[in-house]
file upload-v1.cif (mmCIF, C-alpha atoms, pLDDT in the B column; chains and numbers go by the auth columns)
data_target
loop_
_atom_site.group_PDB
_atom_site.id
_atom_site.type_symbol
_atom_site.label_atom_id
_atom_site.label_comp_id
_atom_site.label_asym_id
_atom_site.label_seq_id
_atom_site.Cartn_x
_atom_site.Cartn_y
_atom_site.Cartn_z
_atom_site.B_iso_or_equiv
_atom_site.auth_seq_id
_atom_site.auth_asym_id
ATOM 1 C CA MET A 1 -22.185 -2.004 -36.397 41.00 11 V
ATOM 2 C CA ARG A 2 -23.621 -0.136 -33.419 37.00 12 V
ATOM 3 C CA THR A 3 -22.960 -3.105 -31.096 34.00 13 V
ATOM 4 C CA SER A 4 -19.319 -3.236 -32.258 35.00 14 V
ATOM 5 C CA LEU A 5 -18.894 0.472 -31.606 33.00 15 V
ATOM 6 C CA ILE A 6 -20.390 0.202 -28.105 35.00 16 V
ATOM 7 C CA LEU A 7 -18.173 -2.793 -27.341 32.00 17 V
ATOM 8 C CA ALA A 8 -15.081 -0.940 -28.582 35.00 18 V
ATOM 9 C CA VAL A 9 -15.910 2.075 -26.382 32.00 19 V
ATOM 10 C CA LEU A 10 -16.485 -0.132 -23.335 32.00 20 V
ATOM 11 C CA MET A 11 -13.233 -2.035 -23.886 35.00 21 V
ATOM 12 C CA SER A 12 -11.205 1.163 -24.280 35.00 22 V
ATOM 13 C CA GLY A 13 -12.669 2.444 -20.998 38.00 23 V
ATOM 14 C CA LEU A 14 -11.850 -0.786 -19.189 38.00 24 V
ATOM 15 C CA ALA A 15 -8.283 -0.741 -20.471 41.00 25 V
ATOM 16 C CA GLY A 16 -7.586 2.349 -18.355 43.00 26 V
ATOM 17 C CA CYS A 17 -8.896 0.861 -15.096 46.00 27 V
ATOM 18 C CA GLY A 18 -5.980 -1.297 -13.946 49.00 28 V
ATOM 19 C CA PRO A 19 -2.361 -0.532 -13.115 51.00 29 V
ATOM 20 C CA ILE A 20 0.013 0.382 -15.926 54.00 30 V
ATOM 21 C CA GLU A 21 3.158 -1.656 -15.654 54.00 31 V
ATOM 22 C CA ASP A 22 6.285 -2.916 -17.297 66.00 32 V
ATOM 23 C CA GLU A 23 8.605 -5.577 -15.938 77.00 33 V
ATOM 24 C CA ARG A 24 9.687 -3.620 -12.852 91.00 34 V
ATOM 25 C CA GLY A 25 7.818 -0.312 -12.873 92.00 35 V
ATOM 26 C CA ILE A 26 4.147 -0.167 -11.913 93.00 36 V
ATOM 27 C CA LEU A 27 1.919 2.909 -12.051 92.00 37 V
ATOM 28 C CA LEU A 28 -0.893 2.165 -9.621 92.00 38 V
ATOM 29 C CA ASP A 29 -2.940 5.176 -10.766 90.00 39 V
ATOM 30 C CA PRO A 30 -3.631 4.752 -14.510 87.00 40 V
ATOM 31 C CA ARG A 31 -4.149 8.499 -15.005 87.00 41 V
ATOM 32 C CA LEU A 32 -0.447 8.989 -14.208 92.00 42 V
ATOM 33 C CA GLY A 33 0.382 7.242 -17.494 89.00 43 V
ATOM 34 C CA SER A 34 -0.125 10.481 -19.417 92.00 44 V
ATOM 35 C CA SER A 35 1.763 12.592 -16.841 94.00 45 V
ATOM 36 C CA LEU A 36 4.966 10.678 -16.284 94.00 46 V
ATOM 37 C CA GLU A 37 7.371 8.189 -17.751 94.00 47 V
ATOM 38 C CA MET A 38 9.168 5.640 -15.591 93.00 48 V
ATOM 39 C CA GLU A 39 12.275 3.782 -16.686 92.00 49 V
ATOM 40 C CA THR A 40 13.586 0.957 -14.526 90.00 50 V
ATOM 41 C CA ARG A 41 17.050 -0.513 -14.956 88.00 51 V
ATOM 42 C CA THR A 42 18.483 -4.012 -15.161 87.00 52 V
ATOM 43 C CA PRO A 43 19.215 -5.400 -11.675 88.00 53 V
ATOM 44 C CA LYS A 44 22.696 -4.624 -10.396 93.00 54 V
ATOM 45 C CA TRP A 45 24.436 -5.781 -7.212 96.00 55 V
ATOM 46 C CA ASN A 46 26.851 -3.840 -5.017 95.00 56 V
ATOM 47 C CA ASP A 47 30.130 -5.212 -3.624 95.00 57 V
ATOM 48 C CA ALA A 48 28.314 -6.630 -0.581 95.00 58 V
ATOM 49 C CA GLY A 49 26.058 -8.721 -2.839 94.00 59 V
ATOM 50 C CA LEU A 50 22.967 -6.576 -2.234 96.00 60 V
ATOM 51 C CA LEU A 51 20.608 -5.722 -5.083 96.00 61 V
ATOM 52 C CA LEU A 52 20.251 -2.100 -6.173 96.00 62 V
ATOM 53 C CA ALA A 53 16.816 -1.000 -7.399 95.00 63 V
ATOM 54 C CA ARG A 54 17.094 1.900 -9.824 95.00 64 V
ATOM 55 C CA ALA A 55 14.480 3.901 -11.718 95.00 65 V
ATOM 56 C CA THR A 56 14.087 7.321 -13.290 96.00 66 V
ATOM 57 C CA ILE A 57 10.739 9.091 -13.175 96.00 67 V
ATOM 58 C CA ARG A 58 10.192 11.879 -15.705 96.00 68 V
ATOM 59 C CA ASN A 59 7.415 14.443 -15.394 97.00 69 V
ATOM 60 C CA ARG A 60 5.886 15.232 -18.796 96.00 70 V
ATOM 61 C CA THR A 61 3.642 18.045 -17.549 96.00 71 V
ATOM 62 C CA SER A 62 3.921 21.758 -16.780 97.00 72 V
ATOM 63 C CA ASP A 63 2.903 21.104 -13.155 95.00 73 V
ATOM 64 C CA SER A 64 4.844 19.522 -10.297 96.00 74 V
ATOM 65 C CA LEU A 65 3.838 15.915 -9.634 95.00 75 V
ATOM 66 C CA HIS A 66 3.298 14.780 -6.053 96.00 76 V
ATOM 67 C CA LEU A 67 3.945 11.038 -5.932 97.00 77 V
ATOM 68 C CA LEU A 68 4.285 8.170 -3.496 97.00 78 V
ATOM 69 C CA VAL A 69 6.980 5.662 -4.456 97.00 79 V
ATOM 70 C CA GLN A 70 7.558 2.205 -2.966 96.00 80 V
ATOM 71 C CA THR A 71 10.236 -0.395 -3.719 96.00 81 V
ATOM 72 C CA THR A 72 9.604 -4.087 -3.150 96.00 82 V
ATOM 73 C CA PHE A 73 12.480 -6.567 -3.353 96.00 83 V
ATOM 74 C CA LEU A 74 11.689 -10.073 -4.573 95.00 84 V
ATOM 75 C CA ASP A 75 13.325 -13.482 -4.046 95.00 85 V
ATOM 76 C CA ALA A 76 13.994 -16.058 -6.794 95.00 86 V
ATOM 77 C CA ASP A 77 10.341 -17.193 -6.661 95.00 87 V
ATOM 78 C CA GLY A 78 9.023 -13.627 -7.059 93.00 88 V
ATOM 79 C CA VAL A 79 7.921 -13.459 -3.421 94.00 89 V
ATOM 80 C CA PRO A 80 8.345 -10.079 -1.643 94.00 90 V
ATOM 81 C CA LEU A 81 11.080 -10.136 1.010 93.00 91 V
ATOM 82 C CA GLN A 82 9.633 -7.399 3.242 81.00 92 V
ATOM 83 C CA GLY A 83 6.159 -7.445 4.670 77.00 93 V
ATOM 84 C CA ASN A 84 5.037 -3.890 3.936 80.00 94 V
ATOM 85 C CA PRO A 85 7.681 -1.540 2.513 88.00 95 V
ATOM 86 C CA SER A 86 7.194 2.148 3.275 91.00 96 V
ATOM 87 C CA TRP A 87 6.057 4.749 0.750 95.00 97 V
ATOM 88 C CA GLU A 88 8.328 7.701 -0.018 95.00 98 V
ATOM 89 C CA ASN A 89 6.782 11.105 -0.712 96.00 99 V
ATOM 90 C CA VAL A 90 8.353 12.607 -3.856 96.00 100 V
ATOM 91 C CA ILE A 91 7.787 15.854 -5.744 96.00 101 V
ATOM 92 C CA VAL A 92 8.984 15.825 -9.356 97.00 102 V
ATOM 93 C CA PRO A 93 9.204 19.379 -10.750 97.00 103 V
ATOM 94 C CA GLU A 94 7.521 20.374 -14.006 97.00 104 V
ATOM 95 C CA TYR A 95 9.273 18.724 -16.979 97.00 105 V
ATOM 96 C CA GLY A 96 11.870 17.440 -14.500 97.00 106 V
ATOM 97 C CA SER A 97 13.097 14.015 -13.481 97.00 107 V
ATOM 98 C CA TRP A 98 13.834 12.173 -10.271 96.00 108 V
ATOM 99 C CA ASN A 99 16.298 9.294 -9.873 96.00 109 V
ATOM 100 C CA HIS A 100 15.235 6.574 -7.477 95.00 110 V
ATOM 101 C CA GLU A 101 17.775 4.174 -5.983 95.00 111 V
ATOM 102 C CA ARG A 102 17.276 1.765 -3.094 94.00 112 V
ATOM 103 C CA THR A 103 19.432 -1.073 -1.787 95.00 113 V
ATOM 104 C CA ALA A 104 18.019 -4.394 -0.610 95.00 114 V
ATOM 105 C CA ILE A 105 18.823 -5.444 2.952 92.00 115 V
ATOM 106 C CA ASP A 106 18.785 -9.162 2.112 90.00 116 V
ATOM 107 C CA THR A 107 21.135 -11.039 -0.241 95.00 117 V
ATOM 108 C CA GLN A 108 18.176 -13.241 -1.271 95.00 118 V
ATOM 109 C CA ALA A 109 16.805 -10.321 -3.344 96.00 119 V
ATOM 110 C CA VAL A 110 17.147 -11.086 -7.063 96.00 120 V
ATOM 111 C CA ASP A 111 14.624 -8.650 -8.539 95.00 121 V
ATOM 112 C CA TYR A 112 12.538 -5.637 -7.597 95.00 122 V
ATOM 113 C CA GLN A 113 9.419 -3.634 -8.371 95.00 123 V
ATOM 114 C CA VAL A 114 8.954 0.114 -8.067 96.00 124 V
ATOM 115 C CA GLN A 115 5.329 1.119 -7.514 95.00 125 V
ATOM 116 C CA VAL A 116 4.151 4.698 -8.032 96.00 126 V
ATOM 117 C CA ARG A 117 0.841 6.227 -7.059 95.00 127 V
ATOM 118 C CA GLU A 118 -0.476 9.740 -6.876 94.00 128 V
ATOM 119 C CA GLY A 119 0.430 11.597 -3.686 93.00 129 V
ATOM 120 C CA LYS A 120 -1.315 14.475 -1.970 83.00 130 V
ATOM 121 C CA SER A 121 -0.341 18.031 -2.796 71.00 131 V
ATOM 122 C CA HIS A 122 -0.253 20.325 0.231 62.00 132 V
#

call {"tool": "encode", "arguments": {"input": "upload-v1.cif", "output": "structure tokens"}}
result
Amino acid sequence: MRTSLILAVLMSGLAGCGPIEDERGILLDPRLGSSLEMETRTPKWNDAGLLLARATIRNRTSDSLHLLVQTTFLDADGVPLQGNPSWENVIVPEYGSWNHERTAIDTQAVDYQVQVREGKSH
């Protein structure tokens, strides 16, 4: 019984160590999982045939969240199309939301990922 309890505690601790992700949204800092909610949308293309990445980030806390957000566009094989996309500094107000939208620069983009990590508050 004691061994099972210790194993259960260890496993629950390990579960919080890696990134929290869904199909397109990835929280790189697991502790953000209790502070925000991220909803990504089905891929959509503009009239020029370029993929639009869209996500909404909702702050579930009474404090502003300082975040870094990055969008990576992927080809049909799931390979990133840019070498190292830049990070955008975002502040989401308490109990507020922020809409993220980026457009691919390559018509080979068929999917995307939005990564979020904790930013620095100044």

call {"tool": "resolve_selection", "arguments": {"input": "upload-v1.cif", "expression": "the PyMOL selection byres ((chain V and resi 36) around 12)", "output": "ChimeraX atom specification"}}
result
/V:28-35,37-40,42-43,46-50,65,67,78-82,122-127

call {"tool": "resolve_selection", "arguments": {"input": "upload-v1.cif", "expression": "the PyMOL selection byres ((chain V and resi 102) around 9)", "output": "short mmCIF file (atom, residue, chain, number, x, y, z; two decimals) with C-alpha atoms, keeping the file's coordinate frame"}}
result
data_model
loop_
_atom_site.label_atom_id
_atom_site.label_comp_id
_atom_site.auth_asym_id
_atom_site.auth_seq_id
_atom_site.Cartn_x
_atom_site.Cartn_y
_atom_site.Cartn_z
CA ILE V 67 10.74 9.09 -13.18
CA ARG V 68 10.19 11.88 -15.70
CA ASN V 69 7.42 14.44 -15.39
CA ASP V 73 2.90 21.10 -13.16
CA SER V 74 4.84 19.52 -10.30
CA LEU V 75 3.84 15.92 -9.63
CA HIS V 76 3.30 14.78 -6.05
CA LEU V 77 3.94 11.04 -5.93
CA VAL V 100 8.35 12.61 -3.86
CA ILE V 101 7.79 15.85 -5.74
CA PRO V 103 9.20 19.38 -10.75
CA GLU V 104 7.52 20.37 -14.01
CA TYR V 105 9.27 18.72 -16.98
CA GLY V 106 11.87 17.44 -14.50
CA SER V 107 13.10 14.02 -13.48
CA TRP V 108 13.83 12.17 -10.27
#

call {"tool": "atom_distance", "arguments": {"input": "upload-v1.cif", "atom1": "atom CA of V:Glu111", "atom2": "atom CA of V:Leu61"}}
result
10.3 Å

call {"tool": "resolve_selection", "arguments": {"input": "upload-v1.cif", "expression": "the PyMOL selection byres ((chain V and resi 113-117) around 9)", "output": "NGL selection string"}}
result
:V and (55-56 or 58-64 or 82-83 or 91 or 111-112 or 118-120 or 122)

call {"tool": "atom_distance", "arguments": {"input": "upload-v1.cif", "atom1": "atom CA of V:Ser44", "atom2": "atom CA of V:Asp121"}}
result
26.5 Å

call {"tool": "closest_residue", "arguments": {"input": "upload-v1.cif", "among": "V:Ser131, V:Asn94, V:Ser45, V:Asn109", "to": "V:Thr71", "atoms": "all atoms listed in the file"}}
result
V:Ser45

call {"tool": "atom_distance", "arguments": {"input": "upload-v1.cif", "atom1": "atom CA of V:Thr66", "atom2": "atom CA of V:Lys130"}}
result
20.4 Å

call {"tool": "axis_aligned_box", "arguments": {"input": "upload-v1.cif", "around": "stretch 110-118 of chain V", "padding_each_side": "5 Å", "output": "lines of an AutoDock Vina configuration file"}}
result
center_x = 18.2
center_y = -3.3
center_z = -2.3
size_x = 15.9
size_y = 29.8
size_z = 20.4
